[in-house]
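my_file34.cif follows (mmCIF, C-alpha atoms and all ligand atoms):
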data_final
loop_
_atom_site.group_PDB
_atom_site.id
_atom_site.type_symbol
_atom_site.label_atom_id
_atom_site.label_comp_id
_atom_site.auth_asym_id
_atom_site.auth_seq_id
_atom_site.Cartn_x
_atom_site.Cartn_y
_atom_site.Cartn_z
ATOM 1 C CA MET L 1 -9.812 -29.173 12.516
ATOM 2 C CA ALA L 2 -6.954 -30.771 10.610
ATOM 3 C CA LEU L 3 -6.475 -29.600 7.087
ATOM 4 C CA GLU L 4 -6.316 -32.267 4.389
ATOM 5 C CA LEU L 5 -3.207 -31.615 2.352
ATOM 6 C CA THR L 6 -2.974 -32.823 -1.239
ATOM 7 C CA ALA L 7 0.240 -34.203 -2.706
ATOM 8 C CA GLU L 8 0.610 -30.871 -4.497
ATOM 9 C CA ASP L 9 0.261 -28.929 -1.242
ATOM 10 C CA LYS L 10 2.921 -31.093 0.362
ATOM 11 C CA LYS L 11 5.260 -30.466 -2.553
ATOM 12 C CA LEU L 12 4.671 -26.718 -2.216
ATOM 13 C CA ILE L 13 5.389 -26.806 1.529
ATOM 14 C CA GLU L 14 8.656 -28.603 0.838
ATOM 15 C CA GLU L 15 9.635 -26.003 -1.795
ATOM 16 C CA ILE L 16 8.851 -23.132 0.578
ATOM 17 C CA LYS L 17 10.917 -24.813 3.256
ATOM 18 C CA ASN L 18 13.774 -24.804 0.738
ATOM 19 C CA GLY L 19 13.405 -21.071 0.106
ATOM 20 C CA ARG L 20 10.686 -20.685 -2.548
ATOM 21 C CA THR L 21 9.089 -17.221 -2.462
ATOM 22 C CA PHE L 22 6.310 -15.451 -4.354
ATOM 23 C CA ASP L 23 6.291 -11.947 -5.791
ATOM 24 C CA LYS L 24 3.682 -9.528 -7.112
ATOM 25 C CA GLY L 25 1.998 -10.902 -10.241
ATOM 26 C CA ASP L 26 3.087 -14.513 -9.624
ATOM 27 C CA ASP L 27 0.477 -17.240 -9.930
ATOM 28 C CA LEU L 28 -0.280 -18.292 -6.373
ATOM 29 C CA PRO L 29 -1.200 -21.900 -5.561
ATOM 30 C CA PRO L 30 -4.787 -21.949 -4.142
ATOM 31 C CA ILE L 31 -3.828 -23.013 -0.606
ATOM 32 C CA TYR L 32 -1.163 -20.300 -0.467
ATOM 33 C CA ARG L 33 -3.427 -17.599 -1.825
ATOM 34 C CA LYS L 34 -6.209 -18.472 0.621
ATOM 35 C CA HIS L 35 -4.010 -18.271 3.719
ATOM 36 C CA LEU L 36 -2.121 -15.211 2.533
ATOM 37 C CA MET L 37 -5.394 -13.366 1.920
ATOM 38 C CA ASN L 38 -6.708 -14.312 5.383
ATOM 39 C CA LEU L 39 -3.674 -12.722 6.996
ATOM 40 C CA LEU L 40 -3.660 -9.649 4.758
ATOM 41 C CA TRP L 41 -7.349 -8.948 5.351
ATOM 42 C CA MET L 42 -6.858 -9.416 9.071
ATOM 43 C CA GLN L 43 -3.982 -6.954 9.116
ATOM 44 C CA GLY L 44 -5.568 -4.417 6.742
ATOM 45 C CA ASP L 45 -8.825 -4.229 8.686
ATOM 46 C CA SER L 46 -6.980 -4.127 12.022
ATOM 47 C CA GLU L 47 -4.789 -1.225 10.924
ATOM 48 C CA TYR L 48 -7.821 0.625 9.579
ATOM 49 C CA SER L 49 -10.070 0.111 12.619
ATOM 50 C CA GLY L 50 -7.058 0.808 14.860
ATOM 51 C CA ALA L 51 -6.563 4.197 13.200
ATOM 52 C CA LEU L 52 -10.239 5.046 13.735
ATOM 53 C CA GLY L 53 -10.099 3.953 17.383
ATOM 54 C CA TYR L 54 -7.067 6.146 18.065
ATOM 55 C CA MET L 55 -8.485 9.153 16.211
ATOM 56 C CA PRO L 56 -10.557 10.715 19.038
ATOM 57 C CA TRP L 57 -7.358 10.825 21.122
ATOM 58 C CA ILE L 58 -5.831 13.498 18.910
ATOM 59 C CA GLU L 59 -8.323 15.829 20.533
ATOM 60 C CA LYS L 60 -8.308 14.237 23.979
ATOM 61 C CA ALA L 61 -4.539 13.827 24.486
ATOM 62 C CA PRO L 62 -3.251 15.716 27.554
ATOM 63 C CA ASP L 63 -1.240 18.442 25.767
ATOM 64 C CA VAL L 64 -0.329 19.763 22.329
ATOM 65 C CA LYS L 65 2.879 17.759 22.091
ATOM 66 C CA GLU L 66 0.931 14.587 22.771
ATOM 67 C CA LYS L 67 -1.791 15.569 20.294
ATOM 68 C CA VAL L 68 0.893 15.758 17.590
ATOM 69 C CA LEU L 69 2.218 12.322 18.605
ATOM 70 C CA VAL L 70 -1.248 10.767 18.546
ATOM 71 C CA ALA L 71 -1.946 12.374 15.149
ATOM 72 C CA GLN L 72 1.309 10.822 13.919
ATOM 73 C CA ILE L 73 0.245 7.404 15.228
ATOM 74 C CA VAL L 74 -3.190 7.722 13.570
ATOM 75 C CA LYS L 75 -1.512 8.632 10.300
ATOM 76 C CA ASP L 76 0.891 5.674 10.627
ATOM 77 C CA GLU L 77 -1.954 3.208 11.185
ATOM 78 C CA MET L 78 -3.942 4.549 8.240
ATOM 79 C CA ARG L 79 -0.817 4.333 6.091
ATOM 80 C CA HIS L 80 -0.279 0.723 7.237
ATOM 81 C CA ALA L 81 -3.872 -0.013 6.197
ATOM 82 C CA SER L 82 -3.280 1.565 2.779
ATOM 83 C CA VAL L 83 -0.089 -0.478 2.203
ATOM 84 C CA ILE L 84 -1.872 -3.748 3.012
ATOM 85 C CA TYR L 85 -5.044 -2.867 1.079
ATOM 86 C CA LYS L 86 -2.872 -2.063 -1.942
ATOM 87 C CA MET L 87 -1.456 -5.600 -1.797
ATOM 88 C CA LEU L 88 -4.972 -6.997 -1.647
ATOM 89 C CA LYS L 89 -5.944 -4.844 -4.602
ATOM 90 C CA ASP L 90 -2.979 -6.236 -6.539
ATOM 91 C CA LEU L 91 -4.364 -9.695 -5.724
ATOM 92 C CA GLY L 92 -7.674 -8.706 -7.324
ATOM 93 C CA GLU L 93 -9.676 -7.746 -4.233
ATOM 94 C CA ASP L 94 -12.050 -4.773 -4.166
ATOM 95 C CA THR L 95 -10.858 -3.110 -0.970
ATOM 96 C CA GLU L 96 -12.768 0.148 -1.505
ATOM 97 C CA ALA L 97 -16.095 -1.712 -1.744
ATOM 98 C CA HIS L 98 -15.146 -3.690 1.373
ATOM 99 C CA ILE L 99 -14.416 -0.539 3.388
ATOM 100 C CA GLU L 100 -17.598 1.055 2.102
ATOM 101 C CA LYS L 101 -19.842 -1.790 3.214
ATOM 102 C CA SER L 102 -18.012 -2.589 6.478
ATOM 103 C CA ASP L 103 -18.484 -0.840 9.778
ATOM 104 C CA LEU L 104 -14.811 -0.607 10.691
ATOM 105 C CA GLY L 105 -15.389 2.254 13.101
ATOM 106 C CA TYR L 106 -17.735 0.126 15.221
ATOM 107 C CA LYS L 107 -16.783 -0.146 18.915
ATOM 108 C CA LEU L 108 -18.421 -1.976 21.815
ATOM 109 C CA GLU L 109 -20.165 0.319 24.261
ATOM 110 C CA ASP L 110 -19.785 -1.938 27.300
ATOM 111 C CA ASP L 111 -16.510 -0.839 28.882
ATOM 112 C CA LEU L 112 -16.078 -4.125 30.757
ATOM 113 C CA ALA L 113 -16.926 -6.470 27.863
ATOM 114 C CA GLN L 114 -14.793 -9.570 27.268
ATOM 115 C CA ILE L 115 -15.611 -11.275 23.986
ATOM 116 C CA GLY L 116 -12.885 -13.917 23.973
ATOM 117 C CA PHE L 117 -12.087 -14.955 20.405
ATOM 118 C CA GLN L 118 -15.415 -13.855 18.919
ATOM 119 C CA ARG L 119 -15.944 -11.764 15.826
ATOM 120 C CA LEU L 120 -18.849 -9.343 16.012
ATOM 121 C CA LYS L 121 -18.905 -7.970 12.478
ATOM 122 C CA GLU L 122 -18.313 -9.124 8.910
ATOM 123 C CA ASP L 123 -14.870 -7.515 8.685
ATOM 124 C CA PHE L 124 -11.610 -9.302 9.504
ATOM 125 C CA ARG L 125 -10.106 -7.143 12.256
ATOM 126 C CA VAL L 126 -8.319 -8.781 15.182
ATOM 127 C CA ASN L 127 -11.017 -8.595 17.812
ATOM 128 C CA ILE L 128 -9.239 -6.290 20.303
ATOM 129 C CA PHE L 129 -10.209 -3.509 17.869
ATOM 130 C CA TYR L 130 -13.862 -3.929 18.866
ATOM 131 C CA TYR L 131 -13.120 -2.533 22.328
ATOM 132 C CA ASN L 132 -13.440 1.141 23.018
ATOM 133 C CA ILE L 133 -10.502 3.244 24.218
ATOM 134 C CA LYS L 134 -12.196 5.088 27.051
ATOM 135 C CA TYR L 135 -9.355 6.735 28.970
ATOM 136 C CA TRP L 136 -5.908 8.125 28.204
ATOM 137 C CA THR L 137 -4.612 5.208 30.302
ATOM 138 C CA ASP L 138 -6.303 2.849 27.800
ATOM 139 C CA PHE L 139 -4.653 4.623 24.903
ATOM 140 C CA ILE L 140 -1.290 4.135 26.630
ATOM 141 C CA LEU L 141 -2.045 0.481 27.336
ATOM 142 C CA PHE L 142 -2.988 0.029 23.699
ATOM 143 C CA ASN L 143 0.479 1.306 22.719
ATOM 144 C CA PHE L 144 2.160 -0.674 25.469
ATOM 145 C CA LEU L 145 0.324 -3.947 24.835
ATOM 146 C CA MET L 146 -1.248 -4.023 21.384
ATOM 147 C CA ASP L 147 1.391 -2.193 19.350
ATOM 148 C CA ARG L 148 3.936 -4.470 21.018
ATOM 149 C CA ALA L 149 1.817 -7.544 20.203
ATOM 150 C CA ALA L 150 1.575 -6.323 16.588
ATOM 151 C CA GLY L 151 5.341 -5.785 16.570
ATOM 152 C CA HIS L 152 5.881 -9.387 17.682
ATOM 153 C CA GLN L 153 3.557 -10.689 14.992
ATOM 154 C CA LEU L 154 5.100 -8.505 12.299
ATOM 155 C CA GLU L 155 8.571 -9.717 13.210
ATOM 156 C CA ASP L 156 7.581 -12.998 11.593
ATOM 157 C CA THR L 157 6.455 -11.187 8.469
ATOM 158 C CA LEU L 158 9.944 -9.723 8.058
ATOM 159 C CA HIS L 159 10.817 -13.249 6.857
ATOM 160 C CA SER L 160 7.641 -13.856 4.841
ATOM 161 C CA SER L 161 7.655 -16.014 1.729
ATOM 162 C CA TYR L 162 5.398 -13.385 0.112
ATOM 163 C CA LEU L 163 7.870 -10.709 -0.980
ATOM 164 C CA PRO L 164 5.570 -7.655 -1.356
ATOM 165 C CA TRP L 165 4.414 -8.188 2.226
ATOM 166 C CA LYS L 166 7.930 -8.691 3.514
ATOM 167 C CA LYS L 167 9.032 -5.404 1.873
ATOM 168 C CA GLY L 168 5.971 -3.471 3.057
ATOM 169 C CA ILE L 169 6.421 -4.627 6.626
ATOM 170 C CA GLU L 170 9.887 -3.163 7.043
ATOM 171 C CA GLY L 171 8.581 0.414 7.332
ATOM 172 C CA ILE L 172 5.466 -0.622 9.232
ATOM 173 C CA TYR L 173 7.516 -2.490 11.796
ATOM 174 C CA LYS L 174 9.682 0.563 12.548
ATOM 175 C CA GLU L 175 6.585 2.679 13.112
ATOM 176 C CA GLU L 176 5.063 0.097 15.441
ATOM 177 C CA VAL L 177 8.245 0.274 17.480
ATOM 178 C CA MET L 178 7.732 4.049 17.820
ATOM 179 C CA HIS L 179 4.167 3.426 19.048
ATOM 180 C CA LEU L 180 5.153 0.897 21.672
ATOM 181 C CA THR L 181 7.991 3.159 22.837
ATOM 182 C CA HIS L 182 5.369 5.850 23.389
ATOM 183 C CA GLY L 183 3.448 3.346 25.526
ATOM 184 C CA ASP L 184 6.551 2.424 27.525
ATOM 185 C CA LYS L 185 7.366 6.070 28.213
ATOM 186 C CA TRP L 186 3.873 6.758 29.523
ATOM 187 C CA VAL L 187 3.590 3.576 31.569
ATOM 188 C CA LYS L 188 6.660 4.796 33.459
ATOM 189 C CA ILE L 189 5.138 8.262 33.935
ATOM 190 C CA LEU L 190 1.808 6.875 35.170
ATOM 191 C CA ALA L 191 3.463 4.326 37.462
ATOM 192 C CA LYS L 192 5.254 7.105 39.357
ATOM 193 C CA ASP L 193 2.049 8.562 40.782
ATOM 194 C CA PRO L 194 0.302 6.196 43.255
ATOM 195 C CA LYS L 195 -3.222 7.145 42.102
ATOM 196 C CA ASP L 196 -2.375 6.912 38.404
ATOM 197 C CA LYS L 197 -0.622 3.634 39.053
ATOM 198 C CA GLU L 198 -3.649 2.155 40.770
ATOM 199 C CA PHE L 199 -5.822 3.045 37.805
ATOM 200 C CA LEU L 200 -3.192 1.768 35.364
ATOM 201 C CA GLN L 201 -3.223 -1.595 37.166
ATOM 202 C CA GLU L 202 -7.026 -1.672 37.107
ATOM 203 C CA ARG L 203 -7.104 -1.041 33.347
ATOM 204 C CA LEU L 204 -4.241 -3.473 32.730
ATOM 205 C CA ASN L 205 -6.384 -6.149 34.402
ATOM 206 C CA LEU L 206 -9.180 -5.343 31.957
ATOM 207 C CA TRP L 207 -7.044 -5.183 28.803
ATOM 208 C CA TRP L 208 -4.800 -8.147 29.566
ATOM 209 C CA PRO L 209 -7.133 -10.996 28.482
ATOM 210 C CA ARG L 210 -8.143 -8.915 25.469
ATOM 211 C CA VAL L 211 -4.563 -8.660 24.254
ATOM 212 C CA MET L 212 -3.685 -12.256 25.138
ATOM 213 C CA ASN L 213 -6.583 -13.436 22.974
ATOM 214 C CA VAL L 214 -5.208 -11.428 20.029
ATOM 215 C CA PHE L 215 -2.626 -14.119 19.358
ATOM 216 C CA GLY L 216 -5.388 -16.613 18.617
ATOM 217 C CA LYS L 217 -6.025 -20.064 19.976
ATOM 218 C CA SER L 218 -3.037 -22.194 20.913
ATOM 219 C CA LYS L 219 -4.400 -25.360 19.401
ATOM 220 C CA GLY L 220 -5.959 -26.162 16.044
ATOM 221 C CA GLY L 221 -7.016 -23.680 13.418
ATOM 222 C CA ALA L 222 -4.511 -22.714 10.779
ATOM 223 C CA ASN L 223 -1.550 -22.365 13.178
ATOM 224 C CA ASN L 224 0.695 -24.912 11.501
ATOM 225 C CA ILE L 225 -0.213 -24.293 7.908
ATOM 226 C CA TYR L 226 0.747 -20.596 8.179
ATOM 227 C CA VAL L 227 4.171 -21.670 9.392
ATOM 228 C CA GLN L 228 4.449 -24.341 6.698
ATOM 229 C CA LEU L 229 3.617 -21.814 3.987
ATOM 230 C CA GLY L 230 6.284 -19.428 5.242
ATOM 231 C CA LEU L 231 3.665 -16.808 6.162
ATOM 232 C CA LYS L 232 4.531 -17.046 9.855
ATOM 233 C CA LYS L 233 7.594 -18.311 11.648
ATOM 234 C CA ARG L 234 6.126 -19.146 15.007
ATOM 235 C CA THR L 235 2.798 -20.613 16.116
ATOM 236 C CA ASN L 236 0.303 -18.482 18.078
ATOM 237 C CA GLU L 237 1.450 -19.979 21.353
ATOM 238 C CA GLU L 238 5.115 -19.269 20.659
ATOM 239 C CA VAL L 239 4.530 -15.603 19.747
ATOM 240 C CA ARG L 240 2.302 -15.122 22.802
ATOM 241 C CA LYS L 241 5.010 -16.577 25.040
ATOM 242 C CA ASP L 242 7.660 -14.176 23.682
ATOM 243 C CA PHE L 243 5.281 -11.245 24.139
ATOM 244 C CA VAL L 244 4.545 -12.190 27.765
ATOM 245 C CA GLU L 245 8.257 -12.439 28.556
ATOM 246 C CA ASP L 246 8.745 -8.941 27.212
ATOM 247 C CA ILE L 247 5.839 -7.452 29.172
ATOM 248 C CA GLN L 248 6.816 -9.302 32.350
ATOM 249 C CA LYS L 249 10.196 -7.540 32.385
ATOM 250 C CA LEU L 250 8.650 -4.117 31.831
ATOM 251 C CA CYS L 251 5.960 -4.647 34.470
ATOM 252 C CA ASP L 252 8.543 -5.826 37.004
ATOM 253 C CA GLU L 253 10.492 -2.602 36.448
ATOM 254 C CA VAL L 254 7.557 -0.403 37.431
ATOM 255 C CA GLY L 255 5.814 -2.728 39.908
ATOM 256 C CA LEU L 256 2.762 -3.666 37.850
ATOM 257 C CA VAL L 257 1.263 -7.125 38.242
ATOM 258 C CA ILE L 258 0.298 -9.156 35.194
ATOM 259 C CA PRO L 259 -3.066 -10.780 35.849
ATOM 260 C CA GLU L 260 -3.693 -14.453 35.248
ATOM 261 C CA TRP L 261 -4.963 -15.489 31.851
ATOM 262 C CA ASN L 262 -6.457 -18.851 31.232
ATOM 263 C CA GLU L 263 -7.173 -19.606 27.603
ATOM 264 C CA SER L 264 -9.793 -22.253 28.412
ATOM 265 C CA GLU L 265 -12.052 -19.564 29.925
ATOM 266 C CA TYR L 266 -12.357 -17.976 26.507
ATOM 267 C CA LEU L 267 -12.838 -21.118 24.432
ATOM 268 C CA GLN L 268 -16.417 -21.928 23.579
HETATM 269 FE FE FE L 301 -0.056 -0.495 12.509
HETATM 270 FE FE FE L 302 0.632 0.840 15.931
#

Write the structure described by the file as structure tokens, please.
Amino acid sequence: MALELTAEDKKLIEEIKNGRTFDKGDDLPPIYRKHLMNLLWMQGDSEYSGALGYMPWIEKAPDVKEKVLVAQIVKDEMRHASVIYKMLKDLGEDTEAHIEKSDLGYKLEDDLAQIGFQRLKEDFRVNIFYYNIKYWTDFILFNFLMDRAAGHQLEDTLHSSYLPWKKGIEGIYKEEVMHLTHGDKWVKILAKDPKDKEFLQERLNLWWPRVMNVFGKSKGGANNIYVQLGLKKRTNEEVRKDFVEDIQKLCDEVGLVIPEWNESEYLQ
């Protein structure tokens, strides 16, 4: 669905291209505000539901050292949520009422579910956060795949035209790097044991389409307008490609096979 741009929108896009930015308290043009809020809500709800999904793993992590690390990750994600919700609050949104009425802790019960690009609830989370983390191997794959995917997406935000977001992301980005490093460490540990490795491959096959769908559809939607407004630097397809390159290298190192993913299977 192509977006009809007004002459004013086109002027704004040109100004942003030439370096125009927005700060807290600035009047935001409607098209800018709308797309900024979409992305902030998506991130806020993802961080929040991510924290809740990781939470049970404080108790279930294999040893005390790992329990501390998982607790740290849970705290990081909840802090990320609070940073983003604060920005939304500054933009006039009632985030507390939203959290209250949403079911952000909801998880799918079906372990093998694949929901493509669907949203199952009224909140704005990226839909990988609907899936349940059933095994320690899943927790590790979440760090390995999803925290890395988030890192790739947040890299674009480090250059955002919305300054409060750009500033907030600097700390968040560093913490995401810690999370994905935790995933990398454990993928190597699990890949050393033939039985663990077999299970890791089995779960990678399950989680792969889920994480590939996180980047959104390659065509249509708001892909281009986000880039034009300086809220993203790369389109969905470009970020997904960079992510896959990264994972391919890591999987080659430990002898894991990346399954095939065909976007058209998930388009309705
Ligand atoms: Fe996060
Ligand atoms: Fe994370």

Rows by chain and residue number, range 131-194 of chain L within 8 Å of range 58-80 of chain L, shortest pair, all atoms listed in the file, as a Markdown table:
| residue | atom | partner | partner_atom | distance |
| --- | --- | --- | --- | --- |
| L:Trp136 | CA | L:Ala61 | CA | 6.9 |
| L:Ile172 | CA | L:His80 | CA | 6.2 |
| L:Glu175 | CA | L:Asp76 | CA | 6.9 |
| L:His179 | CA | L:Ile73 | CA | 6.8 |

Dig up all the protein and nucleic acid residues within 8 Å of (4.9, -0.9, 29.8) in the file frame, using all atoms listed in the file, and format them as a list in words.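 Residues found, by chain and rising number: Leu141, Phe144, Leu145, Gly183, Asp184, Lys185, Trp186, Val187, Lys188, Ile247, Leu250 and Cys251 of chain L.
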
Local residues around (-2.8, -13.7, 1.8), at most 10 Å away, using only C-alpha atoms, as number ranges by chain: L: 28, 31-42, 87-88, 91, 162, 165, 231

Given the choices L:Leu163, L:Leu158, L:Leu229, L:Val177, which gets closest to ligand FE 301 (chain L) if the distance is worked out from all atoms listed in the file? L:Val177

Explicit residue set for the PyMOL selection byres (((chain L and resi 111-122) around 7) and not hetatm), as a short mmCIF file (atom, residue, chain, number, x, y, z; two decimals) with C-alpha atoms, keeping the file's coordinate frame:
data_model
loop_
_atom_site.label_atom_id
_atom_site.label_comp_id
_atom_site.auth_asym_id
_atom_site.auth_seq_id
_atom_site.Cartn_x
_atom_site.Cartn_y
_atom_site.Cartn_z
CA SER L 102 -18.01 -2.59 6.48
CA GLU L 109 -20.16 0.32 24.26
CA ASP L 110 -19.78 -1.94 27.30
CA ASP L 123 -14.87 -7.52 8.68
CA PHE L 124 -11.61 -9.30 9.50
CA ASN L 127 -11.02 -8.60 17.81
CA ASN L 132 -13.44 1.14 23.02
CA ARG L 210 -8.14 -8.91 25.47
CA ASN L 213 -6.58 -13.44 22.97
CA TYR L 266 -12.36 -17.98 26.51
#

Report, in Å with one decimal, the straight-line distance from CA of Val244 in chain L to CA of Asn205 in chain L.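 It comes out at 14.1 Å.
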
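Residue nearest ligand FE 302 (chain L) within the list L:Leu180, L:Ala191, L:Ala222, L:Leu267: L:Leu180 [criterion: smallest interatomic distance, all atoms listed in the file].
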
Taking the file as shown, find all residues satisfying the PyMOL selection byres (((chain L and resi 53) around 10) and not hetatm) and write them as a ChimeraX atom specification. /L:47-52,54-57,74,104-107,129-134,139

Residues within 12 Å of Ile189 in chain L, please, as a ChimeraX atom specification. Count all atoms listed in the file; anything in the same chain fewer than 5 positions from it doesn't count. /L:137,140,182-184,194-197,200,254

In Å, rounded to a single decimal, give me how far CA of Tyr173 in chain L is from CA of Gly255 in chain L.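 Distance between the two atoms: 28.2 Å.
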
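Going from CA of Pro164 in chain L to CA of Lys24 in chain L covers 6.3 Å.
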
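The shortest atom-to-atom distance to His152 in chain L, with only C-alpha atoms taken into account, belongs to L:Lys232 out of L:Lys89, L:Lys11, L:Lys232, L:Lys101.
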
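Look at range 257-260 of chain L: the protein and nucleic acid residues within 8 Å of it, using only C-alpha atoms and passing over chain neighbours fewer than 3 places away, are Gln201, Leu204, Asn205, Trp208, Gln248, Cys251 and Asp252 of chain L.
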
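Across L:Arg148, L:Lys249, L:His159, L:Arg240, the tightest approach to ligand FE 301 (chain L) is made by L:Arg148 when counting all atoms listed in the file.
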
For His98 in chain L, which of L:Glu237, L:Asp45, L:Asp147, L:Glu4 is the closest residue, counting all atoms listed in the file? L:Asp45

Could you please fill out range 140-160 of chain L with N, CA and C atoms and send it back as a PDB file, keeping the file's coordinate frame?
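After the write, out-v1.pdb holds the following:
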ATOM      1  N   ILE L 140      -2.672   4.505  26.284  1.00  0.00           N
ATOM      2  CA  ILE L 140      -1.290   4.135  26.630  1.00  0.00           C
ATOM      3  C   ILE L 140      -1.133   2.614  26.675  1.00  0.00           C
ATOM      4  N   LEU L 141      -2.126   1.949  27.272  1.00  0.00           N
ATOM      5  CA  LEU L 141      -2.045   0.481  27.336  1.00  0.00           C
ATOM      6  C   LEU L 141      -2.146  -0.139  25.947  1.00  0.00           C
ATOM      7  N   PHE L 142      -2.895   0.509  25.085  1.00  0.00           N
ATOM      8  CA  PHE L 142      -2.988   0.029  23.699  1.00  0.00           C
ATOM      9  C   PHE L 142      -1.611   0.082  23.041  1.00  0.00           C
ATOM     10  N   ASN L 143      -0.895   1.192  23.247  1.00  0.00           N
ATOM     11  CA  ASN L 143       0.479   1.306  22.719  1.00  0.00           C
ATOM     12  C   ASN L 143       1.392   0.270  23.373  1.00  0.00           C
ATOM     13  N   PHE L 144       1.281   0.199  24.674  1.00  0.00           N
ATOM     14  CA  PHE L 144       2.160  -0.674  25.469  1.00  0.00           C
ATOM     15  C   PHE L 144       1.930  -2.151  25.130  1.00  0.00           C
ATOM     16  N   LEU L 145       0.651  -2.529  25.035  1.00  0.00           N
ATOM     17  CA  LEU L 145       0.324  -3.947  24.835  1.00  0.00           C
ATOM     18  C   LEU L 145       0.117  -4.293  23.362  1.00  0.00           C
ATOM     19  N   MET L 146      -0.830  -3.585  22.722  1.00  0.00           N
ATOM     20  CA  MET L 146      -1.248  -4.023  21.384  1.00  0.00           C
ATOM     21  C   MET L 146      -0.225  -3.701  20.307  1.00  0.00           C
ATOM     22  N   ASP L 147       0.368  -2.505  20.358  1.00  0.00           N
ATOM     23  CA  ASP L 147       1.391  -2.193  19.350  1.00  0.00           C
ATOM     24  C   ASP L 147       2.597  -3.115  19.527  1.00  0.00           C
ATOM     25  N   ARG L 148       2.856  -3.507  20.787  1.00  0.00           N
ATOM     26  CA  ARG L 148       3.936  -4.470  21.018  1.00  0.00           C
ATOM     27  C   ARG L 148       3.537  -5.846  20.485  1.00  0.00           C
ATOM     28  N   ALA L 149       2.297  -6.251  20.726  1.00  0.00           N
ATOM     29  CA  ALA L 149       1.817  -7.544  20.203  1.00  0.00           C
ATOM     30  C   ALA L 149       1.919  -7.547  18.674  1.00  0.00           C
ATOM     31  N   ALA L 150       1.500  -6.428  18.059  1.00  0.00           N
ATOM     32  CA  ALA L 150       1.575  -6.323  16.588  1.00  0.00           C
ATOM     33  C   ALA L 150       3.033  -6.424  16.152  1.00  0.00           C
ATOM     34  N   GLY L 151       3.910  -5.740  16.888  1.00  0.00           N
ATOM     35  CA  GLY L 151       5.341  -5.785  16.570  1.00  0.00           C
ATOM     36  C   GLY L 151       5.855  -7.221  16.574  1.00  0.00           C
ATOM     37  N   HIS L 152       5.451  -7.987  17.592  1.00  0.00           N
ATOM     38  CA  HIS L 152       5.881  -9.387  17.682  1.00  0.00           C
ATOM     39  C   HIS L 152       5.375 -10.190  16.490  1.00  0.00           C
ATOM     40  N   GLN L 153       4.118  -9.933  16.114  1.00  0.00           N
ATOM     41  CA  GLN L 153       3.557 -10.689  14.992  1.00  0.00           C
ATOM     42  C   GLN L 153       4.218 -10.288  13.679  1.00  0.00           C
ATOM     43  N   LEU L 154       4.506  -8.988  13.547  1.00  0.00           N
ATOM     44  CA  LEU L 154       5.100  -8.505  12.299  1.00  0.00           C
ATOM     45  C   LEU L 154       6.554  -8.945  12.139  1.00  0.00           C
ATOM     46  N   GLU L 155       7.195  -9.216  13.266  1.00  0.00           N
ATOM     47  CA  GLU L 155       8.571  -9.717  13.210  1.00  0.00           C
ATOM     48  C   GLU L 155       8.644 -10.953  12.320  1.00  0.00           C
ATOM     49  N   ASP L 156       7.614 -11.793  12.426  1.00  0.00           N
ATOM     50  CA  ASP L 156       7.581 -12.998  11.593  1.00  0.00           C
ATOM     51  C   ASP L 156       7.447 -12.639  10.118  1.00  0.00           C
ATOM     52  N   THR L 157       6.706 -11.572   9.863  1.00  0.00           N
ATOM     53  CA  THR L 157       6.455 -11.187   8.469  1.00  0.00           C
ATOM     54  C   THR L 157       7.721 -10.645   7.807  1.00  0.00           C
ATOM     55  N   LEU L 158       8.662 -10.191   8.625  1.00  0.00           N
ATOM     56  CA  LEU L 158       9.944  -9.723   8.058  1.00  0.00           C
ATOM     57  C   LEU L 158      10.659 -10.855   7.306  1.00  0.00           C
ATOM     58  N   HIS L 159      10.210 -12.097   7.544  1.00  0.00           N
ATOM     59  CA  HIS L 159      10.817 -13.249   6.857  1.00  0.00           C
ATOM     60  C   HIS L 159       9.805 -13.931   5.934  1.00  0.00           C
ATOM     61  N   SER L 160       8.731 -13.228   5.585  1.00  0.00           N
ATOM     62  CA  SER L 160       7.641 -13.856   4.841  1.00  0.00           C
ATOM     63  C   SER L 160       8.064 -14.377   3.462  1.00  0.00           C
TER      64      SER L 160
END
